[in-house]
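Single-structure report; data block below.
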Amino acid sequence: MKKITIAIDGFSSCGKSTMAKDLAKEIGYIYIDSGAMYRAVTLFCIENSLFTPDGEVDAEELKKRIGEINISFQLNDKTSKPETFLNGVNVESRIRTMEVSSKVSPVAALGFVREALVRQQQEMGRNKGIVMDGRDIGTVVFPDAELKIFVTASAEIRAKRRYDELLEKGQEVSFEEILKNVKERDMIDQNRAVSPLRKADDAIVLDNSNMSISEQKSWLMNEFEKAANV
């Protein structure tokens with residue numbers, strides 16, 4: 001069975017990351033969390049005072065220093081999960097803080113940041129044997145990936161999943177507010193100027209609206225085996 005590249009794209013709250021992590025673990029591939037890479041750049045900006053007092057990122061200064069940023073992933077032997085390293089330092093816990101979460105959007109929207117990270121992602125994928133999820137993996141990052149999956153589900157079901165997840169964490173939330181946010185995010189993702197969300201022509205659509213986790217895993221393994229045995 002040959003080593004391949006697996007690109008998983010799709011709408012927010014479709015469970016892409018969980019799906020990609022589980023699949024990578026099952027087949028012994030490396031999972032690359034593209035979202036963590038944007039968080040790592042955001043952490044670099046925080047640590048180097050590249051945010052103005054009103055929360056704007058100093059794009060000019062970041063552009064000058066983008067070459068200083070190197071992101072990698074290493075598997076934690078104890079947890080069997082990949083962890084994010086920024087310039088050789090493990091930053092996995094620091095990039096998950098609210099401080100980073102609240103500042104990542106303006107950083108991720110910068111074209112030169114996306115270009116720099118796409119180059120790093122493509123370098124990571126040079127030897128195959130990886131699974132990556134995001135919004136533009138099959139269209140921009142790995143247009144030659146042997147297996148491309150585009151994940152979707154109805155906005156209402158995605159909002160319900162997010163609603164249940166937040167309730168479990170003890171947060172008081174409004175389903176209507178979450179549904180509105182999901183629909184707004186879909187519109188932004190599909191209409192942004194740089195690397196908009198769209199299905200690659202050769203991607204296989206996975207609508208997991210009414211699928212159980214086990215059904216989804218079985219479907220993914222079947223598609224993987226078909227692609228890796230060609």
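So you can find residues: chains in the structure tokens are A, B, ... in the order shown, residues in each start at 1, and ligands are numbered from 1 in order.
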
Could you write out, as a count of residues only, all the residues of region 9-82 of chain A that DSSP marks as strand (DSSP E)? 14

Give the helix (DSSP H, G or I) residues of region 38-169 of chain A, as DSSP finds them on the backbone, and put them as a VMD selection string. chain A and resid 38 to 47 59 to 68 94 to 96 98 to 101 104 to 108 111 to 127 137 to 141 155 to 168

Using only C-alpha atoms, which residues sit within 12 Å of Lys183 (chain A) once same-chain residues fewer than 3 positions away are excluded, as an mmCIF file with C-alpha atoms, in the first residue's frame?
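Saved to part.cif:
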data_model
loop_
_atom_site.group_PDB
_atom_site.id
_atom_site.type_symbol
_atom_site.label_atom_id
_atom_site.label_comp_id
_atom_site.auth_asym_id
_atom_site.auth_seq_id
_atom_site.Cartn_x
_atom_site.Cartn_y
_atom_site.Cartn_z
ATOM 1 C CA PHE A 11 -17.457 23.887 6.399
ATOM 2 C CA SER A 12 -16.990 24.869 10.040
ATOM 3 C CA SER A 13 -18.328 22.582 12.795
ATOM 4 C CA ALA A 153 -23.612 18.991 6.841
ATOM 5 C CA SER A 154 -26.680 21.192 7.149
ATOM 6 C CA ALA A 155 -26.162 24.493 8.994
ATOM 7 C CA GLU A 156 -28.795 23.485 11.566
ATOM 8 C CA ILE A 157 -27.068 20.192 12.408
ATOM 9 C CA ARG A 158 -23.653 21.875 12.628
ATOM 10 C CA ALA A 159 -25.101 24.545 14.924
ATOM 11 C CA GLU A 176 -30.201 30.881 17.370
ATOM 12 C CA GLU A 177 -27.004 32.890 17.947
ATOM 13 C CA ILE A 178 -24.828 29.881 17.094
ATOM 14 C CA LEU A 179 -26.847 29.126 13.944
ATOM 15 C CA LYS A 180 -26.469 32.763 12.850
ATOM 16 C CA ASP A 186 -19.986 29.944 5.798
ATOM 17 C CA MET A 187 -20.538 33.148 3.851
ATOM 18 C CA ILE A 188 -17.166 34.617 4.896
ATOM 19 C CA ASP A 189 -15.287 31.370 4.168
ATOM 20 C CA GLN A 190 -16.809 31.023 0.700
#

Identify which of the residues A:Leu43, A:Ile69, A:Val173, A:Val118 lies closest to Val104 (chain A), counting only C-alpha atoms when measuring atom-to-atom distances.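 Looking only at the distances to Val104 (chain A), the closest residue turns out to be A:Leu43.
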
Using only C-alpha atoms, which of the listed residues (A:Asn210, A:Ser34, A:Asn48, A:Thr152) sits closest to Lys21 (chain A)?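 Ranking A:Asn210, A:Ser34, A:Asn48, A:Thr152 by distance to Lys21 (chain A), first place goes to A:Ser34.
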
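Taking CA of Ile32 (chain A) and CA of Glu61 (chain A) as endpoints, the distance between them is 27.2 Å.
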
Show me, as JSON, numbers by chain, the residues that have an atom within 12 Å of Val140 (chain A) when counting only C-alpha atoms, minus same-chain residues fewer than 5 positions from it. {"A": [7, 9, 114, 115, 117, 118, 119, 121, 122, 134, 135, 145, 148, 194, 195, 196, 197, 198, 199, 200]}

Straight-line distance linking CA of Asn222 (chain A) with CA of Tyr29 (chain A), stated in Å to one decimal: 15.9 Å

Which residue gives the smallest distance to Gly138 (chain A) among A:Asp201, A:Ala109, A:Tyr163, A:Ser214, with only C-alpha atoms counted?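 Smallest distance to Gly138 (chain A) is found for A:Asp201.
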
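Of the residues under consideration (A:Met37, A:Val182, A:Met221, A:Leu147), A:Val182 shows the shortest atom-to-atom contact distance to Arg161 (chain A) when counting only C-alpha atoms.
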